[in-house]
>>> print(open('start.pdb').read())   # PDB, C-alpha atoms, pLDDT in the B column
MODEL        1
ATOM      1  CA  MET A   1      26.738 -43.053 -22.905  1.00 37.00           C
ATOM      2  CA  ALA A   2      27.026 -40.368 -25.607  1.00 41.00           C
ATOM      3  CA  GLN A   3      30.402 -39.453 -26.953  1.00 43.00           C
ATOM      4  CA  SER A   4      30.348 -36.008 -25.335  1.00 42.00           C
ATOM      5  CA  ASP A   5      29.305 -37.224 -21.877  1.00 45.00           C
ATOM      6  CA  SER A   6      31.853 -36.748 -19.163  1.00 47.00           C
ATOM      7  CA  GLN A   7      33.139 -40.298 -18.745  1.00 50.00           C
ATOM      8  CA  PRO A   8      35.087 -41.205 -15.597  1.00 48.00           C
ATOM      9  CA  GLY A   9      38.405 -41.829 -17.392  1.00 47.00           C
ATOM     10  CA  GLN A  10      38.011 -38.987 -19.859  1.00 63.00           C
ATOM     11  CA  SER A  11      40.459 -36.144 -19.374  1.00 80.00           C
ATOM     12  CA  PHE A  12      39.497 -32.494 -19.501  1.00 76.00           C
ATOM     13  CA  ALA A  13      41.675 -32.080 -22.576  1.00 81.00           C
ATOM     14  CA  GLN A  14      39.798 -34.827 -24.440  1.00 86.00           C
ATOM     15  CA  LEU A  15      36.422 -33.443 -23.397  1.00 87.00           C
ATOM     16  CA  LEU A  16      37.448 -29.915 -24.331  1.00 86.00           C
ATOM     17  CA  MET A  17      38.451 -31.075 -27.801  1.00 89.00           C
ATOM     18  CA  ILE A  18      35.019 -32.686 -28.231  1.00 90.00           C
ATOM     19  CA  GLU A  19      33.080 -29.740 -26.801  1.00 90.00           C
ATOM     20  CA  ARG A  20      35.235 -26.926 -28.262  1.00 91.00           C
ATOM     21  CA  PRO A  21      32.967 -26.149 -31.269  1.00 92.00           C
ATOM     22  CA  SER A  22      29.937 -25.838 -28.984  1.00 90.00           C
ATOM     23  CA  LEU A  23      31.814 -23.724 -26.459  1.00 91.00           C
ATOM     24  CA  VAL A  24      33.048 -21.373 -29.193  1.00 90.00           C
ATOM     25  CA  ARG A  25      29.487 -21.066 -30.579  1.00 91.00           C
ATOM     26  CA  LEU A  26      28.196 -20.264 -27.098  1.00 87.00           C
ATOM     27  CA  ALA A  27      30.802 -17.542 -26.562  1.00 87.00           C
ATOM     28  CA  ARG A  28      30.256 -16.147 -30.080  1.00 88.00           C
ATOM     29  CA  ARG A  29      26.500 -15.910 -29.486  1.00 87.00           C
ATOM     30  CA  ILE A  30      26.996 -14.042 -26.246  1.00 84.00           C
ATOM     31  CA  LEU A  31      29.833 -11.775 -27.357  1.00 83.00           C
ATOM     32  CA  GLY A  32      28.845 -11.346 -30.999  1.00 85.00           C
ATOM     33  CA  ASP A  33      32.473 -11.665 -32.041  1.00 84.00           C
ATOM     34  CA  SER A  34      34.158 -14.776 -33.472  1.00 86.00           C
ATOM     35  CA  SER A  35      37.703 -13.749 -32.612  1.00 86.00           C
ATOM     36  CA  LEU A  36      36.790 -13.052 -28.990  1.00 86.00           C
ATOM     37  CA  ALA A  37      35.011 -16.414 -28.852  1.00 87.00           C
ATOM     38  CA  GLU A  38      38.203 -18.101 -30.055  1.00 90.00           C
ATOM     39  CA  ASP A  39      40.133 -16.215 -27.363  1.00 88.00           C
ATOM     40  CA  ILE A  40      37.703 -17.577 -24.783  1.00 89.00           C
ATOM     41  CA  ALA A  41      38.356 -21.120 -26.052  1.00 89.00           C
ATOM     42  CA  GLN A  42      42.120 -20.580 -25.777  1.00 89.00           C
ATOM     43  CA  THR A  43      41.799 -19.208 -22.253  1.00 88.00           C
ATOM     44  CA  LEU A  44      39.545 -22.126 -21.378  1.00 88.00           C
ATOM     45  CA  TRP A  45      42.242 -24.521 -22.579  1.00 88.00           C
ATOM     46  CA  LEU A  46      44.846 -22.800 -20.387  1.00 87.00           C
ATOM     47  CA  ARG A  47      42.562 -22.840 -17.343  1.00 86.00           C
ATOM     48  CA  VAL A  48      41.785 -26.532 -17.823  1.00 84.00           C
ATOM     49  CA  GLN A  49      45.504 -27.313 -17.939  1.00 84.00           C
ATOM     50  CA  ARG A  50      45.975 -25.647 -14.529  1.00 85.00           C
ATOM     51  CA  ILE A  51      43.302 -27.617 -12.657  1.00 83.00           C
ATOM     52  CA  ALA A  52      45.081 -29.127  -9.677  1.00 83.00           C
ATOM     53  CA  ASP A  53      42.719 -32.046  -8.974  1.00 84.00           C
ATOM     54  CA  PRO A  54      40.553 -32.849 -12.008  1.00 83.00           C
ATOM     55  CA  ALA A  55      39.304 -36.072 -10.385  1.00 83.00           C
ATOM     56  CA  ALA A  56      37.472 -33.970  -7.788  1.00 85.00           C
ATOM     57  CA  ILE A  57      35.210 -32.500 -10.489  1.00 85.00           C
ATOM     58  CA  GLN A  58      32.326 -34.913 -11.016  1.00 85.00           C
ATOM     59  CA  ASP A  59      30.630 -33.365 -14.075  1.00 86.00           C
ATOM     60  CA  LYS A  60      33.484 -32.184 -16.263  1.00 87.00           C
ATOM     61  CA  ARG A  61      31.195 -31.140 -19.118  1.00 88.00           C
ATOM     62  CA  ALA A  62      29.056 -28.905 -16.871  1.00 88.00           C
ATOM     63  CA  TYR A  63      32.270 -27.496 -15.378  1.00 88.00           C
ATOM     64  CA  LEU A  64      33.581 -26.614 -18.860  1.00 88.00           C
ATOM     65  CA  TYR A  65      30.355 -24.821 -19.806  1.00 89.00           C
ATOM     66  CA  ARG A  66      30.253 -22.938 -16.505  1.00 89.00           C
ATOM     67  CA  LEU A  67      33.902 -21.930 -16.937  1.00 88.00           C
ATOM     68  CA  ALA A  68      33.200 -20.784 -20.508  1.00 89.00           C
ATOM     69  CA  LEU A  69      30.228 -18.694 -19.312  1.00 88.00           C
ATOM     70  CA  ASN A  70      32.352 -17.168 -16.562  1.00 86.00           C
ATOM     71  CA  LEU A  71      35.150 -16.295 -18.997  1.00 88.00           C
ATOM     72  CA  THR A  72      32.591 -14.799 -21.383  1.00 86.00           C
ATOM     73  CA  SER A  73      31.125 -12.769 -18.534  1.00 84.00           C
ATOM     74  CA  ASP A  74      34.608 -11.517 -17.654  1.00 82.00           C
ATOM     75  CA  GLN A  75      35.130 -10.487 -21.283  1.00 83.00           C
ATOM     76  CA  MET A  76      31.836  -8.579 -21.244  1.00 81.00           C
ATOM     77  CA  ARG A  77      32.939  -6.733 -18.103  1.00 78.00           C
ATOM     78  CA  ARG A  78      36.275  -5.831 -19.727  1.00 77.00           C
ATOM     79  CA  ARG A  79      34.427  -4.516 -22.770  1.00 76.00           C
ATOM     80  CA  LYS A  80      32.156  -2.469 -20.540  1.00 72.00           C
ATOM     81  CA  ARG A  81      35.092  -0.973 -18.652  1.00 67.00           C
ATOM     82  CA  GLY A  82      36.748  -0.079 -21.958  1.00 63.00           C
ATOM     83  CA  ALA A  83      33.545   1.522 -23.200  1.00 59.00           C
ATOM     84  CA  VAL A  84      33.275   3.595 -20.009  1.00 52.00           C
ATOM     85  CA  LEU A  85      36.854   4.822 -20.415  1.00 50.00           C
ATOM     86  CA  PHE A  86      36.120   6.181 -23.863  1.00 52.00           C
ATOM     87  CA  GLU A  87      32.569   7.321 -23.167  1.00 54.00           C
ATOM     88  CA  GLY A  88      31.889  10.870 -24.274  1.00 52.00           C
ATOM     89  CA  GLN A  89      34.911  11.059 -26.570  1.00 51.00           C
ATOM     90  CA  ILE A  90      32.979  10.921 -29.843  1.00 52.00           C
ATOM     91  CA  GLU A  91      34.314  13.687 -32.039  1.00 52.00           C
ATOM     92  CA  ASP A  92      31.389  13.746 -34.467  1.00 52.00           C
ATOM     93  CA  PRO A  93      28.138  14.461 -32.591  1.00 52.00           C
ATOM     94  CA  GLY A  94      26.196  13.381 -35.695  1.00 54.00           C
ATOM     95  CA  VAL A  95      27.292   9.764 -35.212  1.00 53.00           C
ATOM     96  CA  ILE A  96      24.619   7.739 -33.484  1.00 57.00           C
ATOM     97  CA  ASP A  97      25.806   4.807 -31.393  1.00 59.00           C
ATOM     98  CA  ALA A  98      23.618   1.749 -31.945  1.00 65.00           C
ATOM     99  CA  ALA A  99      25.389  -0.206 -29.185  1.00 71.00           C
ATOM    100  CA  PRO A 100      23.323  -1.016 -26.103  1.00 73.00           C
ATOM    101  CA  THR A 101      23.721   1.221 -23.082  1.00 81.00           C
ATOM    102  CA  THR A 102      25.761   0.146 -20.091  1.00 82.00           C
ATOM    103  CA  GLU A 103      22.551  -0.388 -18.151  1.00 81.00           C
ATOM    104  CA  ALA A 104      21.129  -2.576 -20.925  1.00 79.00           C
ATOM    105  CA  ARG A 105      24.337  -4.625 -20.980  1.00 80.00           C
ATOM    106  CA  ILE A 106      24.221  -5.115 -17.207  1.00 82.00           C
ATOM    107  CA  ILE A 107      20.599  -6.236 -17.387  1.00 78.00           C
ATOM    108  CA  HIS A 108      21.454  -8.560 -20.267  1.00 80.00           C
ATOM    109  CA  ARG A 109      24.402 -10.003 -18.304  1.00 80.00           C
ATOM    110  CA  GLN A 110      22.234 -10.567 -15.225  1.00 81.00           C
ATOM    111  CA  ARG A 111      19.583 -12.323 -17.315  1.00 80.00           C
ATOM    112  CA  LEU A 112      22.278 -14.435 -18.964  1.00 81.00           C
ATOM    113  CA  ASP A 113      23.710 -15.414 -15.562  1.00 81.00           C
ATOM    114  CA  LEU A 114      20.216 -16.329 -14.349  1.00 83.00           C
ATOM    115  CA  LEU A 115      19.642 -18.365 -17.503  1.00 83.00           C
ATOM    116  CA  ALA A 116      22.937 -20.211 -16.960  1.00 83.00           C
ATOM    117  CA  GLU A 117      21.868 -20.989 -13.381  1.00 86.00           C
ATOM    118  CA  ALA A 118      18.487 -22.236 -14.609  1.00 87.00           C
ATOM    119  CA  ILE A 119      20.185 -24.489 -17.164  1.00 87.00           C
ATOM    120  CA  ASP A 120      22.492 -25.843 -14.434  1.00 87.00           C
ATOM    121  CA  GLU A 121      19.393 -26.715 -12.355  1.00 91.00           C
ATOM    122  CA  LEU A 122      17.974 -28.962 -15.087  1.00 91.00           C
ATOM    123  CA  PRO A 123      18.248 -32.740 -14.748  1.00 93.00           C
ATOM    124  CA  PRO A 124      21.415 -33.954 -16.549  1.00 91.00           C
ATOM    125  CA  ARG A 125      19.652 -35.598 -19.529  1.00 93.00           C
ATOM    126  CA  CYS A 126      17.299 -32.640 -20.001  1.00 93.00           C
ATOM    127  CA  ARG A 127      20.238 -30.202 -19.827  1.00 89.00           C
ATOM    128  CA  GLU A 128      22.203 -32.244 -22.350  1.00 90.00           C
ATOM    129  CA  VAL A 129      19.278 -32.388 -24.792  1.00 91.00           C
ATOM    130  CA  PHE A 130      18.656 -28.655 -24.391  1.00 89.00           C
ATOM    131  CA  LEU A 131      22.310 -27.729 -24.982  1.00 84.00           C
ATOM    132  CA  LEU A 132      22.591 -29.982 -28.024  1.00 85.00           C
ATOM    133  CA  ARG A 133      19.382 -28.608 -29.499  1.00 88.00           C
ATOM    134  CA  ARG A 134      19.683 -24.897 -28.657  1.00 84.00           C
ATOM    135  CA  ILE A 135      23.430 -24.263 -28.358  1.00 78.00           C
ATOM    136  CA  GLU A 136      24.897 -26.779 -30.788  1.00 77.00           C
ATOM    137  CA  GLU A 137      21.855 -26.270 -33.051  1.00 82.00           C
ATOM    138  CA  LEU A 138      21.439 -29.963 -33.822  1.00 85.00           C
ATOM    139  CA  SER A 139      18.127 -31.062 -35.316  1.00 90.00           C
ATOM    140  CA  PRO A 140      15.761 -33.091 -33.118  1.00 92.00           C
ATOM    141  CA  ALA A 141      16.603 -36.188 -35.185  1.00 93.00           C
ATOM    142  CA  GLU A 142      20.351 -35.616 -34.706  1.00 91.00           C
ATOM    143  CA  VAL A 143      19.942 -35.156 -30.947  1.00 91.00           C
ATOM    144  CA  ALA A 144      17.758 -38.266 -30.747  1.00 93.00           C
ATOM    145  CA  GLU A 145      20.266 -40.342 -32.692  1.00 93.00           C
ATOM    146  CA  ARG A 146      23.238 -39.054 -30.713  1.00 90.00           C
ATOM    147  CA  LEU A 147      21.604 -39.789 -27.358  1.00 91.00           C
ATOM    148  CA  GLY A 148      19.673 -42.916 -28.295  1.00 94.00           C
ATOM    149  CA  ILE A 149      16.239 -41.435 -27.561  1.00 95.00           C
ATOM    150  CA  THR A 150      13.192 -40.661 -29.683  1.00 95.00           C
ATOM    151  CA  PRO A 151      12.577 -37.275 -31.346  1.00 93.00           C
ATOM    152  CA  ASN A 152       9.444 -36.998 -29.176  1.00 95.00           C
ATOM    153  CA  ALA A 153      11.615 -37.349 -26.066  1.00 95.00           C
ATOM    154  CA  VAL A 154      13.885 -34.606 -27.437  1.00 94.00           C
ATOM    155  CA  ALA A 155      10.870 -32.310 -27.855  1.00 93.00           C
ATOM    156  CA  LYS A 156       9.656 -33.146 -24.332  1.00 96.00           C
ATOM    157  CA  HIS A 157      13.066 -32.346 -22.801  1.00 95.00           C
ATOM    158  CA  VAL A 158      13.338 -29.068 -24.732  1.00 92.00           C
ATOM    159  CA  ARG A 159       9.810 -28.037 -23.659  1.00 94.00           C
ATOM    160  CA  HIS A 160      10.633 -28.857 -20.042  1.00 94.00           C
ATOM    161  CA  ALA A 161      13.916 -26.900 -20.218  1.00 91.00           C
ATOM    162  CA  LEU A 162      12.282 -23.869 -21.844  1.00 90.00           C
ATOM    163  CA  HIS A 163       9.459 -23.874 -19.299  1.00 93.00           C
ATOM    164  CA  HIS A 164      11.932 -24.114 -16.425  1.00 92.00           C
ATOM    165  CA  CYS A 165      14.118 -21.301 -17.800  1.00 86.00           C
ATOM    166  CA  GLN A 166      11.134 -19.033 -18.525  1.00 88.00           C
ATOM    167  CA  THR A 167       9.738 -19.669 -15.035  1.00 91.00           C
ATOM    168  CA  ARG A 168      13.068 -18.831 -13.390  1.00 87.00           C
ATOM    169  CA  LEU A 169      13.399 -15.613 -15.419  1.00 82.00           C
ATOM    170  CA  ALA A 170       9.805 -14.612 -14.588  1.00 85.00           C
ATOM    171  CA  GLU A 171      10.364 -15.311 -10.872  1.00 86.00           C
ATOM    172  CA  ARG A 172      13.453 -13.110 -10.885  1.00 79.00           C
ATOM    173  CA  GLU A 173      11.776 -10.261 -12.726  1.00 74.00           C
ATOM    174  CA  ALA A 174       8.732 -10.403 -10.429  1.00 79.00           C
ATOM    175  CA  GLY A 175      10.822 -10.445  -7.256  1.00 68.00           C
TER
ENDMDL
END
>>> encode(input="start.pdb", output="structure tokens")
Amino acid sequence: MAQSDSQPGQSFAQLLMIERPSLVRLARRILGDSSLAEDIAQTLWLRVQRIADPAAIQDKRAYLYRLALNLTSDQMRRRKRGAVLFEGQIEDPGVIDAAPTTEARIIHRQRLDLLAEAIDELPPRCREVFLLRRIEELSPAEVAERLGITPNAVAKHVRHALHHCQTRLAEREAG
């Protein structure tokens, strides 16, 4: 089993320490802000400490990533609410706002939620390979070495994951 797999005796705190860099990168990519990503990691730590029955959670790693995505989503909603409060208060009409519109942010959030669901639907090994390759940005050789598989197997898992995610997004947009 890989070091970052959720082992039966492994505590959430231990797993969070292992996965923290990846979780911060994920939040930073979504939010576009390193300090907010660090805040997400801190909040994640606090939430993990308050879990009443950690033994009831079978896949601790998946739970951590889902919790991080939820906290990131909450942060996006708070940002949106703040933006709405100050909307229309620009003093200089010559200033052009390059930030996405509220509608664009909502669409982006919905697509991100759908993508997170699609990733959760992947088989465990495929999901792990995909997250290591695309979120942690490890090379195919590094992923292969870490998981004890061949680089060709890494490529196959990533192709499968991408196809699955693209199919799910296309189904949602068509329906």
>>> atom_distance(input="start.pdb", atom1="CA of Pro123 in chain A", atom2="CA of Arg28 in chain A")
25.6 Å
>>> resolve_selection(input="start.pdb", expression="the PyMOL selection byres ((chain A and resi 140) around 12)", output="PyMOL selection string")
chain A and resi 129-134+136-139+141-158
>>> atom_distance(input="start.pdb", atom1="CA of Arg20 in chain A", atom2="CA of Ala37 in chain A")
10.5 Å
>>> residues_around(input="start.pdb", residues="range 99-102 of chain A", least_positions_apart="3", cutoff="8 Å", atoms="only C-alpha atoms", output="PyMOL selection string")
chain A and resi 80+105-106
>>> write_last_selection(input="start.pdb", atoms="C-alpha atoms", output="compact mmCIF listing (two decimals), in the frame of the given file")
# COMPACT_ATOMS: atom_id res chain seq x y z
CA LYS A 80 32.16 -2.47 -20.54
CA ARG A 105 24.34 -4.62 -20.98
CA ILE A 106 24.22 -5.12 -17.21
>>> residues_around(input="start.pdb", residues="Asp33 in chain A", least_positions_apart="6", cutoff="12 Å", atoms="only C-alpha atoms", output="list of chain:residue names")
A:Val24, A:Arg25, A:Leu26, A:Ala27, A:Asp39, A:Ile40, A:Thr72, A:Gln75, A:Met76, A:Arg79
>>> closest_residue(input="start.pdb", among="A:Ala174, A:Ala55, A:Leu31, A:Leu16", to="Leu67 in chain A", atoms="all atoms listed in the file")
A:Leu16
>>> atom_distance(input="start.pdb", atom1="CA of Asn70 in chain A", atom2="CA of Ile107 in chain A")
16.1 Å
>>> closest_residue(input="start.pdb", among="A:Lys60, A:Arg47, A:Arg29, A:Arg159", to="Gln14 in chain A", atoms="all atoms listed in the file")
A:Lys60
>>> closest_residue(input="start.pdb", among="A:Ser34, A:Ile18, A:Phe12, A:Asp74", to="Ile57 in chain A", atoms="all atoms listed in the file")
A:Phe12
>>> resolve_selection(input="start.pdb", expression="the PyMOL selection byres ((chain A and resi 165) around 10)", output="PDB file with C-alpha atoms, in the coordinates of the input")
ATOM      1  CA  LEU A 114      20.216 -16.329 -14.349  1.00 83.00           C
ATOM      2  CA  LEU A 115      19.642 -18.365 -17.503  1.00 83.00           C
ATOM      3  CA  ALA A 116      22.937 -20.211 -16.960  1.00 83.00           C
ATOM      4  CA  GLU A 117      21.868 -20.989 -13.381  1.00 86.00           C
ATOM      5  CA  ALA A 118      18.487 -22.236 -14.609  1.00 87.00           C
ATOM      6  CA  ILE A 119      20.185 -24.489 -17.164  1.00 87.00           C
ATOM      7  CA  GLU A 121      19.393 -26.715 -12.355  1.00 91.00           C
ATOM      8  CA  LEU A 122      17.974 -28.962 -15.087  1.00 91.00           C
ATOM      9  CA  ARG A 159       9.810 -28.037 -23.659  1.00 94.00           C
ATOM     10  CA  HIS A 160      10.633 -28.857 -20.042  1.00 94.00           C
ATOM     11  CA  ALA A 161      13.916 -26.900 -20.218  1.00 91.00           C
ATOM     12  CA  LEU A 162      12.282 -23.869 -21.844  1.00 90.00           C
ATOM     13  CA  HIS A 163       9.459 -23.874 -19.299  1.00 93.00           C
ATOM     14  CA  HIS A 164      11.932 -24.114 -16.425  1.00 92.00           C
ATOM     15  CA  GLN A 166      11.134 -19.033 -18.525  1.00 88.00           C
ATOM     16  CA  THR A 167       9.738 -19.669 -15.035  1.00 91.00           C
ATOM     17  CA  ARG A 168      13.068 -18.831 -13.390  1.00 87.00           C
ATOM     18  CA  LEU A 169      13.399 -15.613 -15.419  1.00 82.00           C
ATOM     19  CA  ALA A 170       9.805 -14.612 -14.588  1.00 85.00           C
ATOM     20  CA  GLU A 171      10.364 -15.311 -10.872  1.00 86.00           C
TER      21      GLU A 171
END
>>> decode(input="start.pdb", residues="range 41-75 of chain A", atoms="N, CA and C atoms", output="tab-separated table (two decimals), in the first residue's frame")
chain	number	residue	atom	x	y	z
A	41	ALA	N	-6.71	24.79	4.69
A	41	ALA	CA	-5.98	23.70	5.34
A	41	ALA	C	-6.14	23.78	6.86
A	42	GLN	N	-6.08	24.98	7.40
A	42	GLN	CA	-6.25	25.15	8.85
A	42	GLN	C	-7.66	24.75	9.29
A	43	THR	N	-8.64	25.19	8.52
A	43	THR	CA	-10.03	24.84	8.84
A	43	THR	C	-10.23	23.34	8.71
A	44	LEU	N	-9.62	22.75	7.71
A	44	LEU	CA	-9.69	21.30	7.53
A	44	LEU	C	-9.14	20.59	8.76
A	45	TRP	N	-8.01	21.06	9.26
A	45	TRP	CA	-7.42	20.48	10.46
A	45	TRP	C	-8.40	20.54	11.64
A	46	LEU	N	-9.03	21.69	11.83
A	46	LEU	CA	-9.98	21.85	12.93
A	46	LEU	C	-11.19	20.93	12.76
A	47	ARG	N	-11.69	20.82	11.54
A	47	ARG	CA	-12.84	19.94	11.29
A	47	ARG	C	-12.48	18.49	11.55
A	48	VAL	N	-11.29	18.08	11.14
A	48	VAL	CA	-10.85	16.70	11.34
A	48	VAL	C	-10.76	16.38	12.83
A	49	GLN	N	-10.32	17.36	13.62
A	49	GLN	CA	-10.20	17.14	15.06
A	49	GLN	C	-11.56	16.94	15.73
A	50	ARG	N	-12.63	17.45	15.10
A	50	ARG	CA	-13.96	17.37	15.71
A	50	ARG	C	-14.78	16.17	15.22
A	51	ILE	N	-14.20	15.29	14.44
A	51	ILE	CA	-14.95	14.13	13.95
A	51	ILE	C	-15.21	13.20	15.12
A	52	ALA	N	-16.48	12.92	15.36
A	52	ALA	CA	-16.87	12.14	16.53
A	52	ALA	C	-16.47	10.67	16.42
A	53	ASP	N	-16.66	10.07	15.25
A	53	ASP	CA	-16.38	8.64	15.09
A	53	ASP	C	-15.55	8.42	13.82
A	54	PRO	N	-14.25	8.67	13.88
A	54	PRO	CA	-13.43	8.52	12.68
A	54	PRO	C	-13.37	7.10	12.15
A	55	ALA	N	-13.60	6.11	12.99
A	55	ALA	CA	-13.56	4.71	12.54
A	55	ALA	C	-14.70	4.41	11.57
A	56	ALA	N	-15.77	5.19	11.63
A	56	ALA	CA	-16.92	4.97	10.74
A	56	ALA	C	-16.63	5.40	9.31
A	57	ILE	N	-15.59	6.19	9.09
A	57	ILE	CA	-15.25	6.67	7.76
A	57	ILE	C	-14.27	5.69	7.14
A	58	GLN	N	-14.70	5.01	6.08
A	58	GLN	CA	-13.90	3.95	5.49
A	58	GLN	C	-12.73	4.49	4.67
A	59	ASP	N	-12.97	5.49	3.82
A	59	ASP	CA	-11.91	6.03	2.96
A	59	ASP	C	-11.57	7.43	3.45
A	60	LYS	N	-10.64	7.48	4.39
A	60	LYS	CA	-10.29	8.75	5.02
A	60	LYS	C	-9.71	9.75	4.02
A	61	ARG	N	-8.92	9.26	3.09
A	61	ARG	CA	-8.30	10.14	2.09
A	61	ARG	C	-9.38	10.81	1.22
A	62	ALA	N	-10.33	10.01	0.72
A	62	ALA	CA	-11.41	10.57	-0.09
A	62	ALA	C	-12.23	11.56	0.74
A	63	TYR	N	-12.44	11.24	2.01
A	63	TYR	CA	-13.18	12.13	2.90
A	63	TYR	C	-12.46	13.47	3.05
A	64	LEU	N	-11.13	13.43	3.21
A	64	LEU	CA	-10.35	14.67	3.34
A	64	LEU	C	-10.49	15.53	2.08
A	65	TYR	N	-10.37	14.90	0.91
A	65	TYR	CA	-10.46	15.67	-0.34
A	65	TYR	C	-11.86	16.24	-0.52
A	66	ARG	N	-12.89	15.46	-0.18
A	66	ARG	CA	-14.25	15.96	-0.30
A	66	ARG	C	-14.47	17.13	0.66
A	67	LEU	N	-13.97	16.99	1.88
A	67	LEU	CA	-14.09	18.06	2.87
A	67	LEU	C	-13.36	19.32	2.39
A	68	ALA	N	-12.17	19.14	1.82
A	68	ALA	CA	-11.41	20.28	1.30
A	68	ALA	C	-12.18	20.96	0.16
A	69	LEU	N	-12.77	20.18	-0.73
A	69	LEU	CA	-13.56	20.76	-1.83
A	69	LEU	C	-14.78	21.50	-1.28
A	70	ASN	N	-15.42	20.94	-0.28
A	70	ASN	CA	-16.58	21.61	0.32
A	70	ASN	C	-16.18	22.93	0.98
A	71	LEU	N	-15.07	22.91	1.72
A	71	LEU	CA	-14.60	24.15	2.36
A	71	LEU	C	-14.22	25.20	1.32
A	72	THR	N	-13.62	24.75	0.23
A	72	THR	CA	-13.25	25.66	-0.86
A	72	THR	C	-14.50	26.25	-1.50
A	73	SER	N	-15.50	25.40	-1.69
A	73	SER	CA	-16.77	25.87	-2.24
A	73	SER	C	-17.42	26.91	-1.33
A	74	ASP	N	-17.38	26.64	-0.02
A	74	ASP	CA	-17.91	27.61	0.94
A	74	ASP	C	-17.18	28.95	0.84
A	75	GLN	N	-15.86	28.89	0.69
A	75	GLN	CA	-15.06	30.11	0.56
A	75	GLN	C	-15.45	30.88	-0.70
